[in-house]
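As structure tokens, the structure follows; a few thoughts come after it.
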Amino acid sequence: MEQAGIRFFIPGLPEHVTDQEITTHFGKYGTILEAAVARDKISGVTRGFGYVTISDLASADAVLNDAHLLGGKEIRVVLTKDSLAGTEDKRIYIGGTENMSADEIRDVICGFGSVLDVHTPKDATGLRKNFSFATFSSADAYERAVAMGNLQVKGLLLEIRPATRDAGRKGKGNGKGDFGWGGGGCGWGMDDWSWGGGGWDG
């Protein structure tokens with residue numbers, strides 16, 4: 001059976017970025033099966049986003065965690081909904097994130113493991129809700145995050161729970177950690193944070 005690869009959504013593309021530029025940039029991660037800037041079917045004007053599909057599934061972590069310079073703009077990519085299918089059991093609910101961007105949330109939780117997706121829901125008026133969802137690539141990362149329970153991030157208390165149907169209901173976490181965040185991705189490691197009575201042993 002032909003390898004379908006893994007497909008990424010590229011938001012916020014500058015209007016002058018071309019399909020070839022996307023191919024060239026992401027080619028270092030593996031064989032490119034598809035690279036396309038979304039354009040209006042009639043005018044041909046770019047819609048400000050694009051897609052890239054890479055054959056090597058092992059490269060997903062690097063693609064998601066790297067910042068990509070395209071058209072002079074730094075961009076973070078995310079997995080498409082189809083590529084996220086089957087990862088629901090590694091999804092967490094994070095309460096108290098209404099004042100954090102998706103990138104800031106990713107920078108905080110990527111210490112647990114590779115983050116496939118961060119979703120920041122909005123209400124009917126377009127305002128951010130007070131919680132977010134994040135999906136990890138491994139069960140180990142998911143379990144570490146859930147075991148943490150609560151995180152303190154620059155004065156904010158974030159609640160981490162499994163993303164079940166009732167995840168939005170208020171409840172107690174299992175532990176407590178203290179984080180700081182910046183724009184530096186996952187430059188810090190497990191020794192840079194603590195939880196409940198100590199850090200992880202492994």
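How things are named: the first chain in the structure tokens is A, the next is B, and so on; residues count from 1 in each chain; ligands count from 1 in the order shown.
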Exercise: Val118 in chain A partners within 7 Å, only C-alpha atoms, chain neighbours under 3 positions left out, as a PyMOL selection string: chain A and resi 102+106+133-135
Tell me which protein, DNA and RNA residues are within 12 Å of Gly86 in chain A, counting only C-alpha atoms, leaving out same-chain ones fewer than 6 positions away, and put them as an mmCIF file with N, CA, C and O atoms, in the first residue's frame.
```cif
data_model
loop_
_atom_site.group_PDB
_atom_site.id
_atom_site.type_symbol
_atom_site.label_atom_id
_atom_site.label_comp_id
_atom_site.auth_asym_id
_atom_site.auth_seq_id
_atom_site.Cartn_x
_atom_site.Cartn_y
_atom_site.Cartn_z
ATOM 1 N N THR A 135 -2.701 17.864 22.198
ATOM 2 C CA THR A 135 -2.534 16.444 21.877
ATOM 3 C C THR A 135 -1.055 16.111 21.813
ATOM 4 O O THR A 135 -0.287 16.795 21.125
ATOM 5 N N PHE A 136 -0.645 15.080 22.531
ATOM 6 C CA PHE A 136 0.741 14.621 22.528
ATOM 7 C C PHE A 136 0.923 13.484 21.529
ATOM 8 O O PHE A 136 -0.028 12.807 21.148
ATOM 9 N N SER A 137 2.177 13.246 21.159
ATOM 10 C CA SER A 137 2.463 12.167 20.209
ATOM 11 C C SER A 137 2.635 10.819 20.896
ATOM 12 O O SER A 137 2.579 9.782 20.241
ATOM 13 N N SER A 138 2.827 10.823 22.208
ATOM 14 C CA SER A 138 3.045 9.553 22.904
ATOM 15 C C SER A 138 2.200 9.463 24.168
ATOM 16 O O SER A 138 1.851 10.474 24.782
#
```
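For the pair CA of His68 in chain A and CA of Pro11 in chain A, the separation is 11.0 Å.
The gap separating CA of Asp89 in chain A from CA of Leu151 in chain A is 21.1 Å, in Å to one decimal.
Shell of Arg128 in chain A at 12 Å, with only C-alpha atoms counted and residues fewer than 2 places along the chain excluded, is A:Gly95, A:Gly96, A:Thr97, A:Glu98, A:Asn99, A:Met100, A:Ser101, A:Ala102, A:His119, A:Thr120, A:Pro121, A:Lys122, A:Asp123, A:Ala124, A:Thr125, A:Gly126, A:Asn130, A:Phe131, A:Ser132.
Across range 18-85 of chain A, DSSP run on the backbone finds alpha helix (DSSP H) at A:Asp19, A:Gln20, A:Glu21, A:Ile22, A:Thr23, A:Thr24, A:His25, A:Phe26, A:Ala60, A:Asp61, A:Ala62, A:Val63, A:Leu64, A:Asn65, A:Lys81, A:Asp82, A:Ser83, A:Leu84.
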Go ahead and save the picked residues with all heavy atoms, as a compact mmCIF listing (two decimals), in the first residue's frame.
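So the final result, stored in result-v3.txt, reads:
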```txt
# COMPACT_ATOMS: atom_id res chain seq x y z
N ASP A 19 4.67 27.46 -3.95
CA ASP A 19 4.70 26.02 -3.69
C ASP A 19 6.14 25.51 -3.63
O ASP A 19 6.48 24.68 -2.79
CB ASP A 19 3.95 25.26 -4.80
CG ASP A 19 2.47 25.59 -4.84
OD1 ASP A 19 2.00 26.34 -3.97
OD2 ASP A 19 1.79 25.09 -5.76
N GLN A 20 6.98 26.03 -4.52
CA GLN A 20 8.36 25.57 -4.58
C GLN A 20 9.13 25.94 -3.31
O GLN A 20 9.95 25.16 -2.82
CB GLN A 20 9.07 26.17 -5.79
CG GLN A 20 10.50 25.66 -5.99
CD GLN A 20 10.57 24.15 -6.10
OE1 GLN A 20 9.86 23.53 -6.88
NE2 GLN A 20 11.44 23.52 -5.28
N GLU A 21 8.87 27.12 -2.77
CA GLU A 21 9.53 27.53 -1.53
C GLU A 21 9.15 26.60 -0.38
O GLU A 21 9.99 26.26 0.46
CB GLU A 21 9.16 28.97 -1.18
CG GLU A 21 9.82 30.01 -2.07
CD GLU A 21 9.39 31.42 -1.70
OE1 GLU A 21 9.87 31.95 -0.68
OE2 GLU A 21 8.56 32.00 -2.43
N ILE A 22 7.88 26.19 -0.33
CA ILE A 22 7.44 25.26 0.71
C ILE A 22 8.15 23.92 0.53
O ILE A 22 8.64 23.32 1.49
CB ILE A 22 5.91 25.07 0.65
CG1 ILE A 22 5.20 26.38 1.01
CG2 ILE A 22 5.48 23.96 1.60
CD1 ILE A 22 3.69 26.32 0.88
N THR A 23 8.21 23.45 -0.71
CA THR A 23 8.89 22.18 -1.00
C THR A 23 10.35 22.23 -0.59
O THR A 23 10.87 21.31 0.05
CB THR A 23 8.79 21.86 -2.51
OG1 THR A 23 7.42 21.73 -2.88
CG2 THR A 23 9.53 20.57 -2.84
N THR A 24 11.03 23.32 -0.95
CA THR A 24 12.45 23.46 -0.64
C THR A 24 12.69 23.50 0.86
O THR A 24 13.59 22.84 1.39
CB THR A 24 13.01 24.74 -1.28
OG1 THR A 24 12.85 24.65 -2.70
CG2 THR A 24 14.48 24.91 -0.94
N HIS A 25 11.87 24.27 1.57
CA HIS A 25 12.06 24.41 3.01
C HIS A 25 11.83 23.10 3.76
O HIS A 25 12.65 22.69 4.58
CB HIS A 25 11.13 25.48 3.58
CG HIS A 25 11.19 25.59 5.07
ND1 HIS A 25 12.17 26.30 5.72
CD2 HIS A 25 10.41 25.04 6.05
CE1 HIS A 25 12.00 26.20 7.03
NE2 HIS A 25 10.94 25.44 7.24
N PHE A 26 10.73 22.44 3.47
CA PHE A 26 10.38 21.24 4.23
C PHE A 26 11.06 19.98 3.70
O PHE A 26 10.98 18.92 4.33
CB PHE A 26 8.86 21.05 4.25
CG PHE A 26 8.15 22.04 5.13
CD1 PHE A 26 7.57 23.18 4.57
CD2 PHE A 26 8.07 21.86 6.50
CE1 PHE A 26 6.93 24.11 5.37
CE2 PHE A 26 7.43 22.79 7.31
CZ PHE A 26 6.86 23.92 6.75
N ALA A 60 7.79 14.03 12.15
CA ALA A 60 6.69 14.87 12.63
C ALA A 60 7.08 15.73 13.82
O ALA A 60 6.75 16.92 13.88
CB ALA A 60 5.48 14.01 12.98
N ASP A 61 7.79 15.14 14.80
CA ASP A 61 8.16 15.89 15.99
C ASP A 61 8.98 17.12 15.63
O ASP A 61 8.74 18.22 16.14
CB ASP A 61 8.96 15.01 16.95
CG ASP A 61 8.09 13.98 17.65
OD1 ASP A 61 6.86 13.98 17.40
OD2 ASP A 61 8.63 13.17 18.42
N ALA A 62 9.98 16.95 14.77
CA ALA A 62 10.85 18.06 14.40
C ALA A 62 10.07 19.13 13.65
O ALA A 62 10.24 20.33 13.90
CB ALA A 62 12.01 17.55 13.55
N VAL A 63 9.21 18.71 12.73
CA VAL A 63 8.43 19.67 11.95
C VAL A 63 7.53 20.51 12.85
O VAL A 63 7.40 21.73 12.69
CB VAL A 63 7.59 18.96 10.88
CG1 VAL A 63 6.70 19.95 10.13
CG2 VAL A 63 8.49 18.23 9.89
N LEU A 64 6.90 19.85 13.82
CA LEU A 64 5.97 20.55 14.71
C LEU A 64 6.68 21.44 15.71
O LEU A 64 6.18 22.52 16.05
CB LEU A 64 5.12 19.53 15.46
CG LEU A 64 4.10 18.76 14.61
CD1 LEU A 64 3.57 17.56 15.37
CD2 LEU A 64 2.95 19.67 14.20
N ASN A 65 7.83 21.05 16.19
CA ASN A 65 8.51 21.81 17.23
C ASN A 65 9.42 22.90 16.70
O ASN A 65 9.76 23.83 17.44
CB ASN A 65 9.31 20.87 18.14
CG ASN A 65 8.40 20.00 19.00
OD1 ASN A 65 7.39 20.46 19.51
ND2 ASN A 65 8.77 18.73 19.17
N LYS A 81 -6.55 17.86 10.57
CA LYS A 81 -7.48 17.03 11.33
C LYS A 81 -7.36 15.57 10.95
O LYS A 81 -7.44 14.67 11.80
CB LYS A 81 -8.92 17.52 11.13
CG LYS A 81 -9.21 18.86 11.77
CD LYS A 81 -10.65 19.27 11.58
CE LYS A 81 -10.94 20.60 12.24
NZ LYS A 81 -12.35 21.03 12.06
N ASP A 82 -7.17 15.29 9.67
CA ASP A 82 -7.04 13.90 9.23
C ASP A 82 -5.81 13.24 9.84
O ASP A 82 -5.85 12.07 10.23
CB ASP A 82 -6.95 13.84 7.70
CG ASP A 82 -8.28 14.14 7.03
OD1 ASP A 82 -9.31 14.10 7.73
OD2 ASP A 82 -8.28 14.41 5.82
N SER A 83 -4.71 13.99 9.94
CA SER A 83 -3.48 13.43 10.50
C SER A 83 -3.59 13.23 12.00
O SER A 83 -2.86 12.43 12.59
CB SER A 83 -2.29 14.35 10.17
OG SER A 83 -2.01 14.34 8.79
N LEU A 84 -4.50 13.97 12.65
CA LEU A 84 -4.70 13.84 14.09
C LEU A 84 -5.63 12.67 14.45
O LEU A 84 -5.75 12.32 15.63
CB LEU A 84 -5.28 15.13 14.67
CG LEU A 84 -4.30 16.27 14.96
CD1 LEU A 84 -5.05 17.54 15.30
CD2 LEU A 84 -3.35 15.89 16.09
```
Shell around Leu69 in chain A at 10 Å using only C-alpha atoms, local window under 6 positions removed, as a PyMOL selection string: chain A and resi 13+25+75-76
Put those residues in a file: N, CA and C atoms, as a short mmCIF file (atom, residue, chain, number, x, y, z; two decimals), in the first residue's frame.
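Ended up saving to part_12.cif:
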```
data_model
loop_
_atom_site.label_atom_id
_atom_site.label_comp_id
_atom_site.auth_asym_id
_atom_site.auth_seq_id
_atom_site.Cartn_x
_atom_site.Cartn_y
_atom_site.Cartn_z
N LEU A 13 0.72 32.35 5.91
CA LEU A 13 1.74 32.46 4.86
C LEU A 13 1.73 33.85 4.20
N HIS A 25 11.87 24.27 1.57
CA HIS A 25 12.06 24.41 3.01
C HIS A 25 11.83 23.10 3.76
N ILE A 75 6.93 30.89 11.30
CA ILE A 75 5.63 30.22 11.34
C ILE A 75 5.74 28.88 12.05
N ARG A 76 4.74 28.54 12.84
CA ARG A 76 4.62 27.21 13.44
C ARG A 76 3.53 26.45 12.69
#
```
Spatial neighbours of Ala35 in chain A, 12 Å, only C-alpha atoms, chain gap at least 2 places, as a list in words: Ile6, Arg7, Phe8, Phe9, Ile10, Val17, Thr18, Asp19, Gln20, Glu21, Ile22, Thr23, Thr24, His25, Phe26, Gly27, Thr31, Ile32, Leu33, Val37, Ala38, Phe49, Gly50, Tyr51, Val52, Thr53, Ile54 and Ser55 of chain A
Take the residues just selected and output them with N, CA and C atoms as a compact mmCIF listing (two decimals), in the first residue's frame.
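In the end it all went to result39.txt:
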```
# COMPACT_ATOMS: atom_id res chain seq x y z
N ILE A 6 2.33 12.22 6.28
CA ILE A 6 1.67 13.01 7.31
C ILE A 6 1.53 14.44 6.81
N ARG A 7 0.33 15.00 6.98
CA ARG A 7 0.00 16.29 6.37
C ARG A 7 -0.04 17.40 7.42
N PHE A 8 0.58 18.52 7.10
CA PHE A 8 0.64 19.66 8.01
C PHE A 8 -0.07 20.87 7.40
N PHE A 9 -0.70 21.64 8.26
CA PHE A 9 -1.34 22.90 7.87
C PHE A 9 -0.37 24.02 8.18
N ILE A 10 -0.17 24.93 7.22
CA ILE A 10 0.78 26.04 7.38
C ILE A 10 -0.02 27.35 7.41
N VAL A 17 4.84 33.76 -0.96
CA VAL A 17 5.41 32.42 -0.81
C VAL A 17 4.83 31.49 -1.88
N THR A 18 5.68 30.67 -2.50
CA THR A 18 5.26 29.77 -3.57
C THR A 18 5.29 28.31 -3.13
N ASP A 19 4.67 27.46 -3.95
CA ASP A 19 4.70 26.02 -3.69
C ASP A 19 6.14 25.51 -3.63
N GLN A 20 6.98 26.03 -4.52
CA GLN A 20 8.36 25.57 -4.58
C GLN A 20 9.13 25.94 -3.31
N GLU A 21 8.87 27.12 -2.77
CA GLU A 21 9.53 27.53 -1.53
C GLU A 21 9.15 26.60 -0.38
N ILE A 22 7.88 26.19 -0.33
CA ILE A 22 7.44 25.26 0.71
C ILE A 22 8.15 23.92 0.53
N THR A 23 8.21 23.45 -0.71
CA THR A 23 8.89 22.18 -1.00
C THR A 23 10.35 22.23 -0.59
N THR A 24 11.03 23.32 -0.95
CA THR A 24 12.45 23.46 -0.64
C THR A 24 12.69 23.50 0.86
N HIS A 25 11.87 24.27 1.57
CA HIS A 25 12.06 24.41 3.01
C HIS A 25 11.83 23.10 3.76
N PHE A 26 10.73 22.44 3.47
CA PHE A 26 10.38 21.24 4.23
C PHE A 26 11.06 19.98 3.70
N GLY A 27 11.75 20.09 2.57
CA GLY A 27 12.44 18.93 2.01
C GLY A 27 13.50 18.36 2.92
N THR A 31 10.93 13.23 2.25
CA THR A 31 10.38 13.34 0.90
C THR A 31 9.03 14.05 0.92
N ILE A 32 8.89 15.05 0.08
CA ILE A 32 7.66 15.84 0.02
C ILE A 32 6.68 15.19 -0.97
N LEU A 33 5.51 14.84 -0.47
CA LEU A 33 4.48 14.24 -1.32
C LEU A 33 3.52 15.30 -1.87
N VAL A 37 0.28 26.15 -1.77
CA VAL A 37 -0.30 27.36 -1.19
C VAL A 37 -1.77 27.38 -1.60
N ALA A 38 -2.67 27.55 -0.64
CA ALA A 38 -4.10 27.61 -0.97
C ALA A 38 -4.40 28.93 -1.68
N PHE A 49 -2.64 30.61 3.60
CA PHE A 49 -2.24 29.37 4.26
C PHE A 49 -1.89 28.33 3.21
N GLY A 50 -1.34 27.22 3.66
CA GLY A 50 -0.96 26.17 2.73
C GLY A 50 -0.86 24.83 3.43
N TYR A 51 -0.42 23.82 2.68
CA TYR A 51 -0.30 22.47 3.20
C TYR A 51 1.00 21.84 2.71
N VAL A 52 1.53 20.95 3.52
CA VAL A 52 2.67 20.15 3.07
C VAL A 52 2.50 18.75 3.64
N THR A 53 2.74 17.74 2.79
CA THR A 53 2.67 16.35 3.22
C THR A 53 4.04 15.74 3.06
N ILE A 54 4.54 15.12 4.15
CA ILE A 54 5.88 14.55 4.18
C ILE A 54 5.77 13.04 4.39
N SER A 55 6.55 12.28 3.64
CA SER A 55 6.42 10.83 3.69
C SER A 55 6.94 10.22 4.98
```
